[in-house]
Amino acid sequence: MIALVECIKNQAVQLAEFAKMPEEQRRVRLADLAASVDRRLPAVDGAHDESSGKR
């Protein structure tokens with residue numbers, strides 16, 4: 001329970017920091033986040049099998 005509360009507090013701090021950023025910096029951060037998700041999706045979908053080296 002304590003870990004969950006700490007996680008929520010951390011997310012609230014990160015959101016507050018994001019809200020204070022200039023618009024252009026927020027756009028860059030969102031673009032970086034979207035690119036990170038795009039890189040991870042194939043792994044989640046099982047498209048990349050590290051044991052066989054296939055994608």
# chains A, B, ... in the order shown; residues from 1 in each chain; ligands from 1
$ select_by_dssp --residues "chain A" --states "helix (DSSP H, G or I)" --output "ChimeraX atom specification"
/A:2-20,23-44
$ closest_atom_pairs --of "region 3-29 of chain A" --to "region 34-49 of chain A" --cutoff "12 Å" --atoms "only C-alpha atoms" --output "Markdown table"
| residue | atom | partner | partner_atom | distance |
| --- | --- | --- | --- | --- |
| A:Arg27 | CA | A:Ala34 | CA | 10.4 |
| A:Val28 | CA | A:Ala34 | CA | 9.8 |
| A:Arg29 | CA | A:Ala34 | CA | 8.6 |
$ atom_distance --atom1 "CA of Phe18 (chain A)" --atom2 "CA of Ala3 (chain A)"
22.4 Å
$ atom_distance --atom1 "CA of Glu6 (chain A)" --atom2 "CA of Pro22 (chain A)"
26.7 Å
$ atom_distance --atom1 "CA of Ile8 (chain A)" --atom2 "CA of Lys20 (chain A)"
18.6 Å
